[in-house]
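Text of the file query-v6.txt, holding compact mmCIF, C-alpha atoms:
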```txt
# COMPACT_ATOMS: atom_id res chain seq x y z
CA MET A 1 47.58 111.77 15.27
CA PRO A 2 46.69 111.88 18.96
CA ALA A 3 49.70 112.88 21.04
CA GLU A 4 49.39 109.69 23.05
CA LEU A 5 50.13 107.62 19.93
CA ALA A 6 53.24 109.56 18.87
CA PRO A 7 55.73 107.38 20.84
CA LEU A 8 54.12 104.20 19.46
CA VAL A 9 54.28 105.47 15.88
CA ALA A 10 57.90 106.54 16.32
CA ALA A 11 58.81 103.11 17.72
CA ILE A 12 57.06 101.35 14.81
CA ASN A 13 58.84 103.56 12.25
CA GLU A 14 62.17 102.87 13.92
CA ALA A 15 61.53 99.11 13.86
CA TRP A 16 60.55 99.25 10.18
CA ALA A 17 63.64 101.24 9.31
CA ARG A 18 65.81 98.71 11.17
CA GLN A 19 64.16 95.81 9.36
CA ALA A 20 64.60 97.58 6.01
CA GLY A 21 68.31 97.99 6.75
CA LEU A 22 68.67 94.32 7.67
CA LEU A 23 66.83 93.27 4.49
CA ALA A 24 69.08 95.46 2.34
CA HIS A 25 72.15 93.98 4.06
CA GLN A 26 70.93 90.43 3.44
CA LYS A 27 70.22 91.14 -0.22
CA ARG A 28 73.69 92.61 -0.65
CA PHE A 29 75.24 89.65 1.15
CA VAL A 30 73.47 87.10 -1.06
CA ARG A 31 74.40 89.03 -4.21
CA ASP A 32 78.06 89.36 -3.23
CA THR A 33 78.33 85.74 -2.08
CA SER A 34 76.86 84.32 -5.27
CA HIS A 35 79.09 86.54 -7.39
CA GLN A 36 82.31 85.75 -5.52
CA LEU A 37 81.78 81.99 -5.17
CA ARG A 38 80.82 81.53 -8.82
CA THR A 39 84.42 81.73 -10.04
CA PRO A 40 86.08 79.23 -7.67
CA LEU A 41 83.20 76.78 -8.16
CA ALA A 42 83.55 77.04 -11.95
CA VAL A 43 87.31 76.49 -11.63
CA LEU A 44 86.72 73.50 -9.35
CA LYS A 45 84.29 71.97 -11.84
CA ALA A 46 86.79 72.40 -14.67
CA GLN A 47 89.56 70.84 -12.57
CA VAL A 48 87.40 67.81 -11.71
CA GLN A 49 86.50 67.32 -15.38
CA SER A 50 90.17 67.59 -16.33
CA ALA A 51 91.12 65.04 -13.67
CA ARG A 52 88.49 62.60 -14.94
CA ARG A 53 89.87 62.89 -18.47
CA GLY A 54 93.36 62.23 -17.17
CA ASP A 55 94.80 65.49 -18.49
CA LEU A 56 97.15 65.69 -15.49
CA PRO A 57 98.83 63.16 -13.22
CA ALA A 58 96.47 62.22 -10.40
CA ALA A 59 98.66 63.71 -7.64
CA GLN A 60 98.94 67.08 -9.43
CA ALA A 61 95.20 67.19 -10.18
CA ILE A 62 94.32 66.48 -6.53
CA GLU A 63 96.76 69.15 -5.34
CA GLU A 64 95.24 71.78 -7.66
CA ILE A 65 91.72 70.83 -6.58
CA GLY A 66 92.79 71.12 -2.96
CA VAL A 67 94.14 74.64 -3.51
CA THR A 68 90.86 75.71 -5.11
CA VAL A 69 88.81 74.20 -2.29
CA ASP A 70 90.97 75.92 0.32
CA GLY A 71 90.51 79.26 -1.42
CA ALA A 72 86.74 78.84 -1.70
CA THR A 73 86.53 77.80 1.95
CA ALA A 74 88.50 80.84 3.10
CA LEU A 75 86.29 83.10 0.99
CA ALA A 76 83.10 81.56 2.38
CA ASN A 77 84.37 81.95 5.95
CA GLN A 78 85.16 85.61 5.32
CA MET A 79 81.71 86.22 3.85
CA LEU A 80 80.12 84.61 6.92
CA ALA A 81 82.30 86.73 9.18
CA LEU A 82 81.15 89.87 7.36
CA ALA A 83 77.53 88.83 7.92
CA LYS A 84 78.18 88.07 11.59
CA VAL A 85 79.45 91.60 12.21
CA GLU A 86 76.05 92.95 11.20
CA GLN A 87 74.33 90.36 13.39
CA LEU A 88 76.36 91.45 16.43
CA ARG A 89 75.62 95.08 15.64
CA GLN A 90 71.93 94.36 16.24
CA GLN A 91 72.48 92.74 19.66
CA GLY A 92 72.65 95.96 21.65
CA ASP A 93 75.33 96.95 24.13
CA PRO A 94 78.36 94.62 23.96
CA PRO A 95 80.20 93.49 27.10
CA ARG A 96 83.26 95.16 28.62
CA LEU A 97 86.41 93.29 27.55
CA ASP A 98 90.16 93.86 27.47
CA LEU A 99 91.39 94.44 23.91
CA ALA A 100 94.93 93.61 25.01
CA GLU A 101 93.87 90.13 26.11
CA SER A 102 92.18 89.43 22.78
CA VAL A 103 95.26 90.58 20.86
CA ARG A 104 97.56 88.39 22.98
CA GLU A 105 95.35 85.35 22.33
CA VAL A 106 95.47 85.93 18.57
CA ALA A 107 99.24 86.50 18.61
CA LEU A 108 99.67 83.20 20.44
CA ASP A 109 97.53 81.40 17.85
CA LEU A 110 99.61 82.87 15.02
CA ALA A 111 102.97 82.26 16.72
CA PRO A 112 103.86 79.32 14.42
CA LEU A 113 103.36 81.51 11.32
CA ILE A 114 105.42 84.29 12.86
CA ALA A 115 108.23 81.86 13.69
CA ASP A 116 108.09 80.29 10.23
CA ALA A 117 108.61 83.73 8.64
CA GLU A 118 111.56 84.36 11.01
CA LEU A 119 110.13 87.75 11.95
CA ASP A 120 111.60 90.01 14.61
CA PHE A 121 108.32 90.10 16.53
CA GLU A 122 107.51 92.44 19.42
CA LEU A 123 104.25 92.45 21.39
CA SER A 124 103.59 95.23 23.89
CA THR A 125 100.25 95.57 25.69
CA GLU A 126 98.66 97.31 28.63
CA PRO A 127 95.11 96.90 30.00
CA SER A 128 92.77 98.47 27.45
CA PRO A 129 89.08 97.93 28.28
CA VAL A 130 86.60 98.45 25.43
CA ARG A 131 82.99 97.57 24.69
CA GLY A 132 82.96 94.74 22.18
CA HIS A 133 82.09 91.11 21.61
CA ALA A 134 84.96 88.66 22.07
CA TRP A 135 84.56 87.23 18.57
CA ALA A 136 84.68 90.69 16.97
CA LEU A 137 87.82 91.77 18.84
CA ARG A 138 89.66 88.56 17.98
CA GLU A 139 88.52 88.70 14.35
CA LEU A 140 89.75 92.28 14.10
CA ALA A 141 93.17 91.42 15.50
CA ARG A 142 93.41 88.20 13.46
CA ASN A 143 92.67 89.87 10.12
CA LEU A 144 95.08 92.74 10.71
CA LEU A 145 97.85 90.42 11.87
CA HIS A 146 97.29 88.03 8.96
CA ASN A 147 97.51 90.98 6.59
CA ALA A 148 100.77 92.15 8.19
CA LEU A 149 102.20 88.62 8.00
CA ARG A 150 101.34 88.30 4.32
CA HIS A 151 103.19 91.50 3.44
CA SER A 152 106.16 91.23 5.81
CA PRO A 153 109.43 90.15 4.15
CA ARG A 154 111.13 87.18 5.78
CA GLY A 155 113.24 88.25 8.71
CA SER A 156 111.75 91.75 8.89
CA ARG A 157 110.36 93.45 11.99
CA LEU A 158 106.71 93.22 13.08
CA THR A 159 105.46 95.07 16.14
CA VAL A 160 102.05 94.96 17.82
CA ARG A 161 101.15 97.49 20.51
CA VAL A 162 97.97 97.96 22.53
CA ARG A 163 97.78 100.98 24.82
CA GLY A 164 95.50 103.60 26.30
CA LEU A 165 95.42 107.09 24.84
CA GLY A 166 95.98 109.85 27.38
CA PRO A 167 94.60 113.40 27.54
CA GLU A 168 97.91 114.80 26.33
CA GLU A 169 97.21 113.16 22.96
CA ARG A 170 93.98 115.12 22.65
CA ARG A 171 91.90 112.00 22.34
CA ALA A 172 90.49 109.36 24.65
CA GLY A 173 90.26 105.66 24.08
CA VAL A 174 92.59 102.78 23.29
CA GLU A 175 94.84 102.08 20.35
CA LEU A 176 95.94 98.93 18.54
CA ARG A 177 98.88 99.57 16.23
CA ILE A 178 100.38 96.87 14.00
CA SER A 179 103.56 97.94 12.20
CA ASP A 180 105.09 95.77 9.49
CA GLY A 181 108.10 96.13 7.24
CA GLY A 182 106.24 95.49 4.00
CA PRO A 183 105.86 97.49 0.78
CA GLY A 184 103.13 99.82 2.08
CA ILE A 185 100.08 100.85 0.07
CA PRO A 186 100.04 103.03 -3.07
CA ALA A 187 98.13 106.27 -2.52
CA ALA A 188 95.65 105.48 -5.31
CA LEU A 189 94.72 102.18 -3.69
CA ARG A 190 94.56 103.31 -0.05
CA ALA A 191 91.18 105.05 -0.46
CA ARG A 192 89.54 101.87 -1.82
CA LEU A 193 91.01 99.39 0.64
CA GLY A 194 88.46 98.35 3.22
CA GLN A 195 85.68 98.13 0.68
CA PRO A 196 84.49 94.55 -0.01
CA PHE A 197 86.48 92.87 -2.79
CA ALA A 198 88.89 95.79 -3.19
CA ALA A 199 92.03 93.65 -3.14
CA GLY A 200 95.54 94.92 -2.65
CA PRO A 201 98.42 94.51 -5.12
CA ASN A 202 99.28 91.05 -3.75
CA GLY A 203 95.85 89.61 -4.43
CA GLY A 204 93.32 88.19 -1.99
CA SER A 205 89.59 88.73 -1.83
CA GLY A 206 89.80 92.15 -0.23
CA LEU A 207 87.40 91.00 2.49
CA GLY A 208 89.85 90.97 5.39
CA LEU A 209 90.10 94.74 5.66
CA ALA A 210 86.38 95.11 4.90
CA ILE A 211 85.64 92.90 7.92
CA CYS A 212 87.99 95.03 10.04
CA ARG A 213 86.33 98.26 8.97
CA GLU A 214 82.86 96.88 9.69
CA ILE A 215 83.95 95.74 13.15
CA VAL A 216 85.62 99.06 13.96
CA ASP A 217 82.59 101.01 12.71
CA SER A 218 80.26 98.88 14.83
CA LEU A 219 82.40 99.72 17.90
CA GLY A 220 82.45 103.45 17.16
CA GLY A 221 86.15 103.54 16.32
CA THR A 222 88.45 104.35 13.42
CA LEU A 223 90.88 102.33 11.28
CA THR A 224 93.68 104.00 9.34
CA LEU A 225 96.43 102.55 7.15
CA ASP A 226 99.50 104.78 7.00
CA ASN A 227 102.73 104.24 5.12
CA ARG A 228 105.67 104.69 7.47
CA GLU A 229 108.53 106.69 5.99
CA ARG A 230 111.87 108.03 7.21
CA ASP A 231 113.91 110.51 5.18
CA GLY A 232 111.69 109.78 2.19
CA VAL A 233 112.36 106.04 2.37
CA LEU A 234 109.41 103.68 2.87
CA GLN A 235 109.78 101.68 6.09
CA GLY A 236 106.49 99.73 6.07
CA LEU A 237 102.84 100.12 6.99
CA ASP A 238 101.07 101.04 10.23
CA ALA A 239 97.54 99.69 10.72
CA ILE A 240 96.05 101.83 13.51
CA VAL A 241 92.78 101.04 15.28
CA ARG A 242 91.38 103.49 17.82
CA LEU A 243 88.34 102.51 19.88
CA PRO A 244 86.43 104.26 22.66
CA ALA A 245 87.56 103.14 26.08
CA ALA A 246 84.95 101.33 28.17
CA SER A 247 83.79 103.20 31.23
CA THR A 248 84.21 101.62 34.63
CA ASP A 249 80.48 101.52 35.32
CA THR A 250 78.81 98.17 35.77
CA GLY A 251 77.42 97.05 32.44
CA PRO A 252 77.08 93.72 30.64
CA ALA A 253 79.95 91.41 31.59
```
Just dump the structure as structure tokens.
Amino acid sequence: MPAELAPLVAAINEAWARQAGLLAHQKRFVRDTSHQLRTPLAVLKAQVQSARRGDLPAAQAIEEIGVTVDGATALANQMLALAKVEQLRQQGDPPRLDLAESVREVALDLAPLIADAELDFELSTEPSPVRGHAWALRELARNLLHNALRHSPRGSRLTVRVRGLGPEERRAGVELRISDGGPGIPAALRARLGQPFAAGPNGGSGLGLAICREIVDSLGGTLTLDNRERDGVLQGLDAIVRLPAASTDTGPA
């Protein structure tokens, strides 16, 4: 081709490749959504038919239907969140925000659940600027905290720390660390967690950690789940997110 057309051809190929990736993501999303929602909808239909026949007392039938609807709603919301991560990934450079502020907002929202579980809760933060959309940072913190709450025994300790990583740690960036006192993760399961629908031993859709991994990947960071042990005794789980620190230059605000 003429040399003058090379940049145009490269731009067209890049656009096509991006569109192909989006199309593949949409196909996978539709396939996964239809597969995952089929079961709760079938259960809901069976429960409605049972209620119409009078197989159960009306109050019990309504309660069971409500539980199924709540589960299907939560699953649908998680699927939409997973799709939104990809949408934000295509929007270019995200704004400069304080991760610590997002984590504090989520912790405040979840305070009633923390109090209800009678947890010994500690929140420690310091200014930690990153590049990320506000929704993504809150969703990341919310999913990780929800996961820690689900697995924390009543009255146990739960700590959340946000801090900057210094040069002495041989890495730059910021860190979010959520440490619970739960049962940890078996080694055989740890490698699969974070994949869509790879649920842990206590059930769930497995989408919460998948959403977290997608968000962290889109921000150029890492997410690790480490069992915390002392003298060979399991103490709980550390969920550790490390993200690049935002520079102080003037970018999108």
Give me the residues of stretch 22-134 of chain A that have any atom at most 7 Å from an atom of stretch 204-219 of chain A; for each, the nearest atom pair and the distance in Å, rounded to one decimal. Use all atoms listed in the file, sort by chain and number, and format it as a tab-separated table.
```
residue	atom	partner	partner_atom	distance
A:Gln78	CA	A:Leu207	CA	6.5
A:Leu82	CA	A:Ile211	CA	5.4
A:Val85	CA	A:Ile215	CA	6.2
A:Arg89	CA	A:Ser218	CA	6.1
A:Gly132	CA	A:Leu219	CA	6.6
```
Enter the distance from atom CA of A:Ala76 to atom CA of A:Leu99, in Å, rounded to one decimal.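 Atom-to-atom, atom CA of A:Ala76 and atom CA of A:Leu99 are spaced 26.4 Å apart.
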Hey, what's within 12 Å of A:Thr73 if we count only C-alpha atoms and toss same-chain stuff fewer than 3 positions away? As a compact mmCIF listing (two decimals) with C-alpha atoms, keeping the file's coordinate frame, please?
```
# COMPACT_ATOMS: atom_id res chain seq x y z
CA GLN A 36 82.31 85.75 -5.52
CA LEU A 37 81.78 81.99 -5.17
CA PRO A 40 86.08 79.23 -7.67
CA LEU A 41 83.20 76.78 -8.16
CA GLY A 66 92.79 71.12 -2.96
CA VAL A 67 94.14 74.64 -3.51
CA THR A 68 90.86 75.71 -5.11
CA VAL A 69 88.81 74.20 -2.29
CA ASP A 70 90.97 75.92 0.32
CA ALA A 76 83.10 81.56 2.38
CA ASN A 77 84.37 81.95 5.95
CA GLN A 78 85.16 85.61 5.32
CA MET A 79 81.71 86.22 3.85
CA LEU A 80 80.12 84.61 6.92
CA SER A 205 89.59 88.73 -1.83
```
Just the number, please: distance in Å from atom CA of A:Ala148 to atom CA of A:Asp180, one decimal. 5.8 Å
Separation of atom CA of A:Pro94 and atom CA of A:Ser247, in Å?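 These atoms are spaced 12.5 Å apart.
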Using only C-alpha atoms, collect all residues at a distance of at most 12 Å from (89.3, 71.9, -6.5) as written in the file, then present them as a compact mmCIF listing (two decimals) with C-alpha atoms, in the coordinates of the input.
```txt
# COMPACT_ATOMS: atom_id res chain seq x y z
CA THR A 39 84.42 81.73 -10.04
CA PRO A 40 86.08 79.23 -7.67
CA LEU A 41 83.20 76.78 -8.16
CA ALA A 42 83.55 77.04 -11.95
CA VAL A 43 87.31 76.49 -11.63
CA LEU A 44 86.72 73.50 -9.35
CA LYS A 45 84.29 71.97 -11.84
CA ALA A 46 86.79 72.40 -14.67
CA GLN A 47 89.56 70.84 -12.57
CA VAL A 48 87.40 67.81 -11.71
CA GLN A 49 86.50 67.32 -15.38
CA SER A 50 90.17 67.59 -16.33
CA ALA A 51 91.12 65.04 -13.67
CA GLN A 60 98.94 67.08 -9.43
CA ALA A 61 95.20 67.19 -10.18
CA ILE A 62 94.32 66.48 -6.53
CA GLU A 63 96.76 69.15 -5.34
CA GLU A 64 95.24 71.78 -7.66
CA ILE A 65 91.72 70.83 -6.58
CA GLY A 66 92.79 71.12 -2.96
CA VAL A 67 94.14 74.64 -3.51
CA THR A 68 90.86 75.71 -5.11
CA VAL A 69 88.81 74.20 -2.29
CA ASP A 70 90.97 75.92 0.32
CA GLY A 71 90.51 79.26 -1.42
CA ALA A 72 86.74 78.84 -1.70
CA THR A 73 86.53 77.80 1.95
```
(109.2, 83.6, 6.5) in this file's frame - what residues fall within 7 Å of it? Use all atoms listed in the file and give the answer as a list in words. Asp116, Ala117, Glu118, Leu119, Pro153, Arg154 and Gly155 of chain A
Enclose the full set of atoms of stretch 54-57 of chain A listed in the file within a box whose edges lie along x, y and z, apply 5 Å of padding to each of the six sides, and report centre and edge lengths in Å to one decimal as lines of an AutoDock Vina configuration file.
```
center_x = 96.1
center_y = 64.0
center_z = -15.9
size_x = 15.5
size_y = 13.5
size_z = 15.3
```
Using only C-alpha atoms, what table do you get, as a Markdown table, when you list each residue of stretch 76-154 of chain A with an atom no more than 8 Å from stretch 223-245 of chain A, its nearest pair of atoms, and their distance in Å rounded to one decimal, rows by chain then rising number?
```
| residue | atom | partner | partner_atom | distance |
| --- | --- | --- | --- | --- |
| A:Ser128 | CA | A:Ala245 | CA | 7.1 |
| A:Pro129 | CA | A:Ala245 | CA | 5.9 |
| A:Val130 | CA | A:Ala245 | CA | 4.8 |
| A:Arg131 | CA | A:Ala245 | CA | 7.3 |
| A:Leu144 | CA | A:Ala239 | CA | 7.4 |
```
